[in-house]
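Asks: Just one file: coords_16.cif, with mmCIF, C-alpha atoms.
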data_protein
loop_
_atom_site.label_atom_id
_atom_site.label_comp_id
_atom_site.auth_asym_id
_atom_site.auth_seq_id
_atom_site.Cartn_x
_atom_site.Cartn_y
_atom_site.Cartn_z
CA GLY A 1 19.20 9.83 -1.84
CA GLU A 2 19.37 6.64 -3.88
CA PRO A 3 16.23 5.97 -5.93
CA ILE A 4 14.11 2.96 -5.00
CA ARG A 5 12.80 0.63 -7.68
CA VAL A 6 9.02 0.25 -7.68
CA LEU A 7 7.18 -2.12 -10.00
CA VAL A 8 3.52 -1.75 -10.91
CA THR A 9 2.00 -4.54 -13.00
CA GLY A 10 -1.15 -4.15 -15.05
CA ALA A 11 0.39 -0.73 -15.63
CA ALA A 12 -1.77 0.15 -18.65
CA GLY A 13 -4.97 -0.58 -16.70
CA GLN A 14 -7.37 1.76 -14.94
CA ILE A 15 -6.24 1.22 -11.32
CA ALA A 16 -2.64 1.92 -12.35
CA TYR A 17 -3.76 5.07 -14.15
CA SER A 18 -5.01 6.43 -10.81
CA LEU A 19 -2.10 4.97 -8.84
CA LEU A 20 1.02 5.96 -10.77
CA TYR A 21 0.64 9.72 -10.35
CA SER A 22 0.23 9.41 -6.56
CA ILE A 23 3.35 7.24 -6.26
CA ALA A 24 5.41 9.41 -8.61
CA LYS A 25 4.55 12.65 -6.84
CA GLY A 26 5.66 11.35 -3.44
CA ASP A 27 2.39 10.47 -1.69
CA VAL A 28 3.58 6.98 -0.81
CA PHE A 29 7.34 6.97 -0.17
CA GLY A 30 7.63 10.60 0.91
CA LYS A 31 8.59 13.86 -0.75
CA GLU A 32 12.34 13.20 -0.42
CA GLN A 33 12.52 9.71 -1.94
CA PRO A 34 13.51 9.50 -5.64
CA LEU A 35 11.95 6.66 -7.63
CA ILE A 36 12.46 4.44 -10.62
CA LEU A 37 9.05 3.27 -11.81
CA VAL A 38 8.95 -0.03 -13.65
CA LEU A 39 5.74 -0.66 -15.56
CA LEU A 40 4.83 -4.19 -16.64
CA ASP A 41 1.94 -5.20 -18.83
CA ILE A 42 1.15 -7.75 -21.52
CA THR A 43 2.50 -7.29 -25.04
CA PRO A 44 -0.81 -6.13 -26.64
CA MET A 45 -0.91 -3.24 -24.13
CA MET A 46 2.53 -1.84 -24.95
CA THR A 47 1.22 0.97 -27.17
CA VAL A 48 -1.21 2.10 -24.47
CA LEU A 49 1.63 1.87 -21.94
CA GLU A 50 3.74 4.20 -24.09
CA GLY A 51 0.96 6.78 -23.67
CA VAL A 52 1.08 6.35 -19.90
CA VAL A 53 4.85 6.88 -19.99
CA MET A 54 4.39 10.07 -22.03
CA GLU A 55 1.92 11.36 -19.47
CA LEU A 56 4.21 10.57 -16.54
CA GLN A 57 6.98 12.48 -18.36
CA ASP A 58 4.58 15.36 -18.98
CA CYS A 59 3.77 15.59 -15.26
CA ALA A 60 7.36 16.87 -14.83
CA LEU A 61 7.72 15.26 -11.42
CA PRO A 62 10.99 15.93 -9.58
CA LEU A 63 11.16 12.56 -7.76
CA LEU A 64 10.69 10.45 -10.86
CA ARG A 65 14.20 9.53 -12.07
CA GLU A 66 13.26 6.96 -14.67
CA VAL A 67 10.23 5.15 -16.11
CA ILE A 68 10.76 1.70 -17.59
CA PRO A 69 7.86 0.20 -19.59
CA THR A 70 8.23 -3.50 -20.38
CA ASP A 71 6.44 -6.75 -21.21
CA LYS A 72 9.38 -8.87 -19.98
CA GLU A 73 9.49 -10.32 -16.48
CA GLU A 74 13.30 -10.39 -16.35
CA VAL A 75 13.34 -6.61 -16.89
CA ALA A 76 10.37 -5.88 -14.64
CA PHE A 77 11.43 -7.81 -11.53
CA LYS A 78 15.14 -6.87 -11.49
CA ASP A 79 16.46 -5.48 -8.17
CA LEU A 80 13.04 -4.40 -6.91
CA ASP A 81 12.41 -2.72 -3.57
CA ILE A 82 8.62 -2.88 -3.94
CA ALA A 83 6.34 -4.85 -6.26
CA ILE A 84 2.68 -3.85 -6.58
CA LEU A 85 0.97 -6.63 -8.51
CA VAL A 86 -2.22 -5.09 -9.87
CA GLY A 87 -2.44 -7.03 -13.13
CA SER A 88 -4.48 -10.22 -13.15
CA MET A 89 -6.92 -12.09 -15.33
CA PRO A 90 -10.29 -10.36 -14.87
CA ARG A 91 -13.42 -12.44 -14.56
CA ARG A 92 -15.27 -12.54 -17.86
CA GLU A 93 -19.00 -13.04 -18.08
CA GLY A 94 -19.98 -16.68 -17.78
CA MET A 95 -16.57 -17.57 -16.38
CA GLU A 96 -16.45 -20.02 -13.49
CA ARG A 97 -14.44 -18.98 -10.43
CA LYS A 98 -12.35 -22.12 -10.99
CA ASP A 99 -11.35 -20.98 -14.50
CA LEU A 100 -10.43 -17.60 -13.08
CA LEU A 101 -8.26 -19.25 -10.43
CA LYS A 102 -6.53 -21.42 -13.00
CA ALA A 103 -5.62 -18.47 -15.24
CA ASN A 104 -4.32 -16.50 -12.28
CA VAL A 105 -2.31 -19.35 -10.78
CA LYS A 106 -0.35 -19.38 -14.01
CA ILE A 107 0.33 -15.61 -13.84
CA PHE A 108 1.26 -15.49 -10.16
CA LYS A 109 3.39 -18.64 -10.28
CA SER A 110 5.39 -17.01 -13.06
CA GLN A 111 5.66 -13.64 -11.30
CA GLY A 112 6.56 -15.33 -7.99
CA ALA A 113 9.36 -17.22 -9.74
CA ALA A 114 10.56 -13.96 -11.34
CA LEU A 115 10.61 -12.23 -7.92
CA ASP A 116 12.60 -15.18 -6.56
CA LYS A 117 15.09 -14.99 -9.37
CA TYR A 118 15.54 -11.24 -9.98
CA ALA A 119 14.23 -9.07 -7.10
CA LYS A 120 16.02 -8.07 -3.90
CA LYS A 121 15.39 -10.56 -1.09
CA THR A 122 14.07 -7.64 0.99
CA VAL A 123 11.39 -6.80 -1.61
CA LYS A 124 7.91 -6.03 -0.28
CA VAL A 125 5.21 -7.54 -2.48
CA VAL A 126 1.63 -6.29 -2.48
CA VAL A 127 -0.97 -8.24 -4.46
CA VAL A 128 -4.06 -6.40 -5.67
CA GLY A 129 -5.19 -8.49 -8.65
CA ASN A 130 -8.10 -10.80 -7.75
CA PRO A 131 -8.57 -13.30 -6.24
CA ALA A 132 -5.96 -11.32 -4.29
CA ASN A 133 -5.46 -13.54 -1.22
CA THR A 134 -4.92 -16.73 -3.19
CA ASN A 135 -2.88 -15.00 -5.90
CA CYS A 136 -0.63 -13.66 -3.13
CA LEU A 137 -0.23 -17.12 -1.56
CA ILE A 138 0.71 -18.63 -4.94
CA ALA A 139 3.26 -15.87 -5.61
CA SER A 140 4.80 -16.43 -2.17
CA LYS A 141 4.96 -20.22 -2.61
CA SER A 142 6.65 -19.64 -5.98
CA ALA A 143 9.30 -17.42 -4.36
CA PRO A 144 10.76 -19.62 -1.61
CA SER A 145 13.85 -17.45 -1.08
CA ILE A 146 11.80 -14.35 -0.16
CA PRO A 147 10.36 -14.36 3.39
CA LYS A 148 6.61 -15.14 3.48
CA GLU A 149 6.11 -12.08 5.69
CA ASN A 150 7.18 -9.85 2.78
CA PHE A 151 3.99 -10.74 0.90
CA SER A 152 0.67 -9.05 1.61
CA CYS A 153 -2.57 -8.55 -0.24
CA LEU A 154 -4.86 -5.55 -0.36
CA THR A 155 -7.85 -5.51 1.99
CA ARG A 156 -7.31 -1.84 2.77
CA LEU A 157 -10.02 -0.87 0.29
CA ASP A 158 -12.52 -2.92 2.32
CA HIS A 159 -11.06 -1.41 5.51
CA ASN A 160 -11.51 2.12 4.13
CA ARG A 161 -15.03 1.30 2.98
CA ALA A 162 -15.94 0.11 6.49
CA LYS A 163 -14.37 3.18 8.06
CA SER A 164 -16.22 5.54 5.78
CA GLN A 165 -19.61 3.83 6.28
CA ILE A 166 -19.27 4.32 10.04
CA ALA A 167 -18.18 7.94 9.58
CA LEU A 168 -21.12 8.66 7.25
CA LYS A 169 -23.59 7.10 9.67
CA LEU A 170 -22.32 9.28 12.54
CA GLY A 171 -21.69 12.46 10.56
CA VAL A 172 -17.97 12.54 11.46
CA THR A 173 -14.91 12.43 9.20
CA SER A 174 -13.32 9.06 8.45
CA ASN A 175 -10.26 10.27 10.38
CA ASP A 176 -12.40 10.14 13.52
CA VAL A 177 -12.89 6.37 13.07
CA LYS A 178 -10.08 3.93 13.81
CA ASN A 179 -9.37 0.23 14.32
CA VAL A 180 -12.03 -1.30 12.12
CA ILE A 181 -10.98 -4.79 11.02
CA ILE A 182 -11.43 -6.79 7.84
CA TRP A 183 -11.03 -10.50 8.56
CA GLY A 184 -10.42 -13.10 5.88
CA ASN A 185 -10.83 -13.08 2.13
CA HIS A 186 -11.11 -10.06 -0.15
CA SER A 187 -14.43 -11.44 -1.39
CA SER A 188 -18.05 -11.20 -0.32
CA THR A 189 -17.32 -13.58 2.60
CA GLN A 190 -14.98 -11.03 4.21
CA TYR A 191 -16.00 -10.00 7.72
CA PRO A 192 -15.94 -6.25 8.46
CA ASP A 193 -15.69 -6.15 12.28
CA VAL A 194 -16.27 -2.97 14.31
CA ASN A 195 -16.37 -4.62 17.77
CA HIS A 196 -12.96 -3.12 18.53
CA ALA A 197 -13.31 0.10 16.54
CA LYS A 198 -13.31 3.51 18.19
CA VAL A 199 -14.84 6.76 17.07
CA ASN A 200 -14.08 10.29 18.16
CA VAL A 201 -17.39 12.01 18.93
CA LYS A 202 -17.09 15.62 20.11
CA GLY A 203 -13.57 15.04 21.41
CA LYS A 204 -14.41 11.84 23.28
CA GLU A 205 -13.33 8.38 22.09
CA VAL A 206 -16.12 5.81 22.27
CA GLY A 207 -16.74 2.32 20.91
CA VAL A 208 -18.58 2.18 17.60
CA TYR A 209 -21.41 0.00 18.98
CA GLU A 210 -21.90 2.50 21.78
CA ALA A 211 -21.79 5.50 19.42
CA ILE A 212 -24.18 4.10 16.80
CA LYS A 213 -26.69 2.41 19.13
CA ASP A 214 -28.11 0.34 16.29
CA ASP A 215 -26.85 -3.23 16.61
CA SER A 216 -29.10 -4.61 13.90
CA TRP A 217 -27.62 -2.16 11.33
CA LEU A 218 -24.07 -2.98 12.45
CA LYS A 219 -24.69 -6.73 12.22
CA GLY A 220 -26.75 -6.50 9.03
CA ASP A 221 -26.76 -3.76 6.40
CA PHE A 222 -23.38 -2.34 7.41
CA ILE A 223 -21.65 -5.68 6.82
CA LEU A 224 -23.52 -6.31 3.56
CA THR A 225 -22.75 -2.83 2.23
CA VAL A 226 -19.01 -3.29 2.78
CA GLN A 227 -18.99 -6.88 1.46
CA GLN A 228 -20.85 -5.92 -1.73
CA ARG A 229 -19.48 -2.45 -2.34
CA GLY A 230 -17.27 -3.51 -5.26
CA ALA A 231 -20.26 -4.97 -7.10
CA ALA A 232 -22.31 -1.82 -6.37
CA VAL A 233 -19.60 0.36 -7.96
CA ILE A 234 -19.47 -1.88 -11.05
CA LYS A 235 -23.25 -1.74 -11.36
CA ALA A 236 -23.21 2.07 -11.22
CA ARG A 237 -20.07 2.89 -13.23
CA LYS A 238 -19.94 -0.19 -15.48
CA LEU A 239 -16.28 -0.30 -14.40
CA SER A 240 -14.65 -1.62 -11.25
CA SER A 241 -13.35 0.61 -8.44
CA ALA A 242 -10.18 2.37 -9.58
CA MET A 243 -9.80 5.69 -7.77
CA SER A 244 -10.64 4.16 -4.38
CA ALA A 245 -8.53 1.06 -5.08
CA ALA A 246 -5.52 3.25 -5.96
CA LYS A 247 -6.00 5.30 -2.77
CA ALA A 248 -6.14 2.09 -0.70
CA ILE A 249 -2.94 0.77 -2.32
CA CYS A 250 -1.21 4.05 -1.42
CA ASP A 251 -2.40 3.74 2.19
CA HIS A 252 -1.30 0.09 2.41
CA VAL A 253 2.18 0.65 0.95
CA ARG A 254 2.77 3.89 2.89
CA ASP A 255 1.98 2.05 6.14
CA ILE A 256 4.42 -0.74 5.23
CA TRP A 257 7.08 1.87 4.50
CA PHE A 258 6.56 4.28 7.41
CA GLY A 259 4.64 2.19 9.96
CA THR A 260 1.20 2.57 11.51
CA PRO A 261 0.35 5.46 13.88
CA ALA A 262 0.56 4.74 17.63
CA GLY A 263 -2.64 3.18 18.98
CA GLU A 264 -3.94 2.33 15.53
CA PHE A 265 -4.06 -0.86 13.54
CA VAL A 266 -4.90 -1.58 9.91
CA SER A 267 -6.12 -4.57 7.92
CA MET A 268 -4.03 -6.48 5.40
CA GLY A 269 -3.94 -9.97 4.00
CA VAL A 270 -0.88 -11.74 5.43
CA ILE A 271 0.30 -15.29 6.04
CA SER A 272 -1.71 -16.76 8.93
CA ASP A 273 1.17 -18.73 10.50
CA GLY A 274 1.39 -18.17 14.26
CA ASN A 275 -1.87 -16.22 14.62
CA SER A 276 -3.80 -16.52 17.90
CA TYR A 277 -7.30 -16.28 16.37
CA GLY A 278 -7.84 -19.90 15.39
CA VAL A 279 -7.30 -19.24 11.69
CA PRO A 280 -5.66 -22.29 10.01
CA GLU A 281 -1.94 -21.98 9.17
CA ASP A 282 -0.69 -21.37 5.63
CA LEU A 283 -3.61 -19.19 4.55
CA LEU A 284 -3.28 -15.67 3.20
CA TYR A 285 -5.94 -14.11 5.44
CA SER A 286 -6.74 -10.51 6.34
CA PHE A 287 -5.90 -9.64 9.96
CA PRO A 288 -5.54 -6.52 12.07
CA VAL A 289 -1.83 -5.63 12.09
CA VAL A 290 0.54 -2.98 13.40
CA ILE A 291 3.65 -2.13 11.40
CA LYS A 292 7.03 -0.89 12.61
CA ASP A 293 10.40 -0.88 10.80
CA LYS A 294 8.71 -2.27 7.67
CA THR A 295 7.64 -5.36 9.66
CA TRP A 296 4.03 -6.22 10.53
CA LYS A 297 2.80 -7.98 13.64
CA PHE A 298 -0.64 -9.40 14.44
CA VAL A 299 -2.70 -7.35 16.88
CA GLU A 300 -3.03 -9.83 19.73
CA GLY A 301 -5.59 -10.46 22.42
CA LEU A 302 -8.76 -9.06 20.89
CA PRO A 303 -11.78 -10.89 22.36
CA ILE A 304 -13.84 -12.65 19.66
CA ASN A 305 -17.57 -13.14 20.26
CA ASP A 306 -19.68 -15.97 18.76
CA PHE A 307 -21.07 -13.75 16.00
CA SER A 308 -17.53 -12.86 14.89
CA ARG A 309 -16.22 -16.41 15.29
CA GLU A 310 -18.78 -17.78 12.85
CA LYS A 311 -18.02 -15.13 10.23
CA MET A 312 -14.24 -15.54 10.62
CA ASP A 313 -14.56 -19.31 10.18
CA LEU A 314 -16.76 -18.96 7.11
CA THR A 315 -14.25 -16.81 5.23
CA ALA A 316 -11.38 -19.12 6.35
CA LYS A 317 -13.30 -22.05 4.87
CA GLU A 318 -13.64 -20.24 1.53
CA LEU A 319 -9.91 -19.44 1.53
CA THR A 320 -9.02 -23.06 2.33
CA GLU A 321 -11.11 -24.25 -0.62
CA GLU A 322 -9.56 -21.63 -2.93
CA LYS A 323 -6.10 -22.62 -1.78
CA GLU A 324 -6.74 -26.35 -2.42
CA THR A 325 -7.98 -25.65 -5.95
CA ALA A 326 -5.06 -23.31 -6.64
CA VAL A 327 -2.43 -25.73 -5.30
CA GLU A 328 -3.85 -28.44 -7.57
CA PHE A 329 -3.38 -26.12 -10.55
CA LEU A 330 0.04 -25.07 -9.28
CA SER A 331 1.51 -28.56 -9.73
CA SER A 332 0.21 -28.67 -13.31
CA ALA A 333 0.84 -24.99 -14.25
#
Show me this structure written as structure tokens.

Replies:
Amino acid sequence: GEPIRVLVTGAAGQIAYSLLYSIAKGDVFGKEQPLILVLLDITPMMTVLEGVVMELQDCALPLLREVIPTDKEEVAFKDLDIAILVGSMPRREGMERKDLLKANVKIFKSQGAALDKYAKKTVKVVVVGNPANTNCLIASKSAPSIPKENFSCLTRLDHNRAKSQIALKLGVTSNDVKNVIIWGNHSSTQYPDVNHAKVNVKGKEVGVYEAIKDDSWLKGDFILTVQQRGAAVIKARKLSSAMSAAKAICDHVRDIWFGTPAGEFVSMGVISDGNSYGVPEDLLYSFPVVIKDKTWKFVEGLPINDFSREKMDLTAKELTEEKETAVEFLSSA
């Protein structure tokens, strides 16, 4: 078959180091799909990137037709089928969130414009670099000729974290847990919701609340653990989540490409327009979605209790504030 062109940005970084091998060996687009991998990073990282290219060559992978390392957007974004935007300005110590937003608006405005100018109009864009939701919204607004629905941001890591916490608590495998939801921002205001989640216990499918029988844990420590897991990993490893982030990116992109399994939904940050959950329009907000033919749809009709409503509104409020700050910078960037 024809190779597809896949871009990974921040390609010399640690998430990419875990991610590139999985993509190149066929874990994401299937064992039959040849690939051209385009690797973008900033100029000072080009020497490191050369080492990554050498290693990809040394893996001797049959699907990998070509590897293109570059620091130029016009090379990186040309004719893309998929763009995985991992690179962003990391938060330095003592840095205000506002400063972080400003630096990233500049990056994602530029990359959005490059997508608009050089990529295929059918390109699927996945934003990982934080603040992921707002970075994704800025990229989309900077690429008016690419449908908004083609942009998504990663909340699958949070989704997987929630799934695995439930599985650990019940002593089942994470495969036995389905339909957890991450609502809202990929930040500590996110709301991990298991009101609609099901778990397979001894061959019988039951609701998570029913299976766990510990509402105070589900409404307390469970939520906090998922919300603060990224910080816990940094505290322990002195580095941010890379292996688990790469695995989540693979899950997210594979589901876009091949669709979600029947009866299952996943979480991803998507444009909120037309949602039925009272989330304001024009936000990049994490919802439960099903995917078919590379197109996502909101999962409709889930009842929302007061506890959930409050948490969903709180994270929407944070996203609205982030968006307003970012849009201010956008006009001056």

Asks: For the file shown, what are the residues hit by the PyMOL selection byres ((chain A and resi 82-95) around 6), laid out as a list in words?

Replies: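 When the PyMOL selection byres ((chain A and resi 82-95) around 6) is applied to the shown file, the picked residues are Val6, Leu7, Val8, Thr9, Gly10, Leu80, Asp81, Glu96, Asn104, Val123, Lys124, Val125, Val126, Val127, Val128 and Gly129 of chain A.
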
Asks: Would you write out, as a list in words, every residue that the PyMOL selection byres ((chain A and resi 106) around 12) captures in this file?

Replies: Ser88, Met89, Asp99, Leu100, Leu101, Lys102, Ala103, Asn104, Val105, Ile107, Phe108, Lys109, Ser110, Gln111, Gly112, Ala113, Asn135, Ile138, Ala139, Ser142, Ala326, Val327, Glu328, Phe329, Leu330, Ser331, Ser332 and Ala333 of chain A

Asks: How about saving the chosen residues, C-alpha atoms kept, as a PDB file, in the coordinates of the input?

Replies:
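Once everything was written out, this is out.pdb:
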ATOM      1  CA  SER A  88      -4.480 -10.220 -13.150  1.00  0.00           C
ATOM      2  CA  MET A  89      -6.920 -12.090 -15.330  1.00  0.00           C
ATOM      3  CA  ASP A  99     -11.350 -20.980 -14.500  1.00  0.00           C
ATOM      4  CA  LEU A 100     -10.430 -17.600 -13.080  1.00  0.00           C
ATOM      5  CA  LEU A 101      -8.260 -19.250 -10.430  1.00  0.00           C
ATOM      6  CA  LYS A 102      -6.530 -21.420 -13.000  1.00  0.00           C
ATOM      7  CA  ALA A 103      -5.620 -18.470 -15.240  1.00  0.00           C
ATOM      8  CA  ASN A 104      -4.320 -16.500 -12.280  1.00  0.00           C
ATOM      9  CA  VAL A 105      -2.310 -19.350 -10.780  1.00  0.00           C
ATOM     10  CA  ILE A 107       0.330 -15.610 -13.840  1.00  0.00           C
ATOM     11  CA  PHE A 108       1.260 -15.490 -10.160  1.00  0.00           C
ATOM     12  CA  LYS A 109       3.390 -18.640 -10.280  1.00  0.00           C
ATOM     13  CA  SER A 110       5.390 -17.010 -13.060  1.00  0.00           C
ATOM     14  CA  GLN A 111       5.660 -13.640 -11.300  1.00  0.00           C
ATOM     15  CA  GLY A 112       6.560 -15.330  -7.990  1.00  0.00           C
ATOM     16  CA  ALA A 113       9.360 -17.220  -9.740  1.00  0.00           C
ATOM     17  CA  ASN A 135      -2.880 -15.000  -5.900  1.00  0.00           C
ATOM     18  CA  ILE A 138       0.710 -18.630  -4.940  1.00  0.00           C
ATOM     19  CA  ALA A 139       3.260 -15.870  -5.610  1.00  0.00           C
ATOM     20  CA  SER A 142       6.650 -19.640  -5.980  1.00  0.00           C
ATOM     21  CA  ALA A 326      -5.060 -23.310  -6.640  1.00  0.00           C
ATOM     22  CA  VAL A 327      -2.430 -25.730  -5.300  1.00  0.00           C
ATOM     23  CA  GLU A 328      -3.850 -28.440  -7.570  1.00  0.00           C
ATOM     24  CA  PHE A 329      -3.380 -26.120 -10.550  1.00  0.00           C
ATOM     25  CA  LEU A 330       0.040 -25.070  -9.280  1.00  0.00           C
ATOM     26  CA  SER A 331       1.510 -28.560  -9.730  1.00  0.00           C
ATOM     27  CA  SER A 332       0.210 -28.670 -13.310  1.00  0.00           C
ATOM     28  CA  ALA A 333       0.840 -24.990 -14.250  1.00  0.00           C
TER      29      ALA A 333
END

Asks: Under the PyMOL selection byres ((chain A and resi 180-190) around 8), which residues of this model are included? Write them out as an mmCIF file with C-alpha atoms, in the coordinates of the input.

Replies:
data_model
loop_
_atom_site.group_PDB
_atom_site.id
_atom_site.type_symbol
_atom_site.label_atom_id
_atom_site.label_comp_id
_atom_site.auth_asym_id
_atom_site.auth_seq_id
_atom_site.Cartn_x
_atom_site.Cartn_y
_atom_site.Cartn_z
ATOM 1 C CA PRO A 131 -8.570 -13.300 -6.240
ATOM 2 C CA ALA A 132 -5.960 -11.320 -4.290
ATOM 3 C CA ASN A 133 -5.460 -13.540 -1.220
ATOM 4 C CA LEU A 154 -4.860 -5.550 -0.360
ATOM 5 C CA THR A 155 -7.850 -5.510 1.990
ATOM 6 C CA ASP A 158 -12.520 -2.920 2.320
ATOM 7 C CA HIS A 159 -11.060 -1.410 5.510
ATOM 8 C CA ALA A 162 -15.940 0.110 6.490
ATOM 9 C CA LYS A 163 -14.370 3.180 8.060
ATOM 10 C CA VAL A 177 -12.890 6.370 13.070
ATOM 11 C CA LYS A 178 -10.080 3.930 13.810
ATOM 12 C CA ASN A 179 -9.370 0.230 14.320
ATOM 13 C CA TYR A 191 -16.000 -10.000 7.720
ATOM 14 C CA PRO A 192 -15.940 -6.250 8.460
ATOM 15 C CA ASP A 193 -15.690 -6.150 12.280
ATOM 16 C CA VAL A 194 -16.270 -2.970 14.310
ATOM 17 C CA ASN A 195 -16.370 -4.620 17.770
ATOM 18 C CA HIS A 196 -12.960 -3.120 18.530
ATOM 19 C CA ALA A 197 -13.310 0.100 16.540
ATOM 20 C CA LYS A 198 -13.310 3.510 18.190
ATOM 21 C CA GLN A 227 -18.990 -6.880 1.460
ATOM 22 C CA GLN A 228 -20.850 -5.920 -1.730
ATOM 23 C CA VAL A 266 -4.900 -1.580 9.910
ATOM 24 C CA SER A 267 -6.120 -4.570 7.920
ATOM 25 C CA MET A 268 -4.030 -6.480 5.400
ATOM 26 C CA GLY A 269 -3.940 -9.970 4.000
ATOM 27 C CA TYR A 285 -5.940 -14.110 5.440
ATOM 28 C CA SER A 286 -6.740 -10.510 6.340
ATOM 29 C CA PHE A 287 -5.900 -9.640 9.960
ATOM 30 C CA PRO A 288 -5.540 -6.520 12.070
ATOM 31 C CA LYS A 311 -18.020 -15.130 10.230
ATOM 32 C CA MET A 312 -14.240 -15.540 10.620
ATOM 33 C CA LEU A 314 -16.760 -18.960 7.110
ATOM 34 C CA THR A 315 -14.250 -16.810 5.230
ATOM 35 C CA ALA A 316 -11.380 -19.120 6.350
ATOM 36 C CA GLU A 318 -13.640 -20.240 1.530
ATOM 37 C CA LEU A 319 -9.910 -19.440 1.530
#

Asks: Could you name the residues that touch A:Ser174 at 10 Å or less, counting only C-alpha atoms, but leaving out those on the same chain fewer than 2 positions away, as a list of chain:residue names?

Replies: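 Residues meeting the cut-off are A:Asn160, A:Arg161, A:Ala162, A:Lys163, A:Ser164, A:Gln165, A:Ile166, A:Ala167, A:Leu168, A:Leu170, A:Gly171, A:Val172, A:Asp176, A:Val177, A:Lys178, A:Val199, A:Asn200.
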
Asks: Restrict the selected residues to C-alpha atoms and save them as a PDB file, in the frame of the given file.

Replies:
ATOM      1  CA  ASN A 160     -11.510   2.120   4.130  1.00  0.00           C
ATOM      2  CA  ARG A 161     -15.030   1.300   2.980  1.00  0.00           C
ATOM      3  CA  ALA A 162     -15.940   0.110   6.490  1.00  0.00           C
ATOM      4  CA  LYS A 163     -14.370   3.180   8.060  1.00  0.00           C
ATOM      5  CA  SER A 164     -16.220   5.540   5.780  1.00  0.00           C
ATOM      6  CA  GLN A 165     -19.610   3.830   6.280  1.00  0.00           C
ATOM      7  CA  ILE A 166     -19.270   4.320  10.040  1.00  0.00           C
ATOM      8  CA  ALA A 167     -18.180   7.940   9.580  1.00  0.00           C
ATOM      9  CA  LEU A 168     -21.120   8.660   7.250  1.00  0.00           C
ATOM     10  CA  LEU A 170     -22.320   9.280  12.540  1.00  0.00           C
ATOM     11  CA  GLY A 171     -21.690  12.460  10.560  1.00  0.00           C
ATOM     12  CA  VAL A 172     -17.970  12.540  11.460  1.00  0.00           C
ATOM     13  CA  ASP A 176     -12.400  10.140  13.520  1.00  0.00           C
ATOM     14  CA  VAL A 177     -12.890   6.370  13.070  1.00  0.00           C
ATOM     15  CA  LYS A 178     -10.080   3.930  13.810  1.00  0.00           C
ATOM     16  CA  VAL A 199     -14.840   6.760  17.070  1.00  0.00           C
ATOM     17  CA  ASN A 200     -14.080  10.290  18.160  1.00  0.00           C
TER      18      ASN A 200
END

Asks: So how many Å separate atom CA of A:Leu20 and atom CA of A:Cys59, to one decimal?

Replies: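 We find that atom CA of A:Leu20 and atom CA of A:Cys59 lie 11.0 Å from each other.
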
Asks: Do you have the atom CA of A:Leu239-atom CA of A:Leu157 distance handy?

Replies: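 Computed distance, atom CA of A:Leu239 to atom CA of A:Leu157, equals 16.0 Å.
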
Asks: What separation in Å, quoted to one decimal, exists between atom CA of A:Arg309 and atom CA of A:Val279?

Replies: 10.0 Å
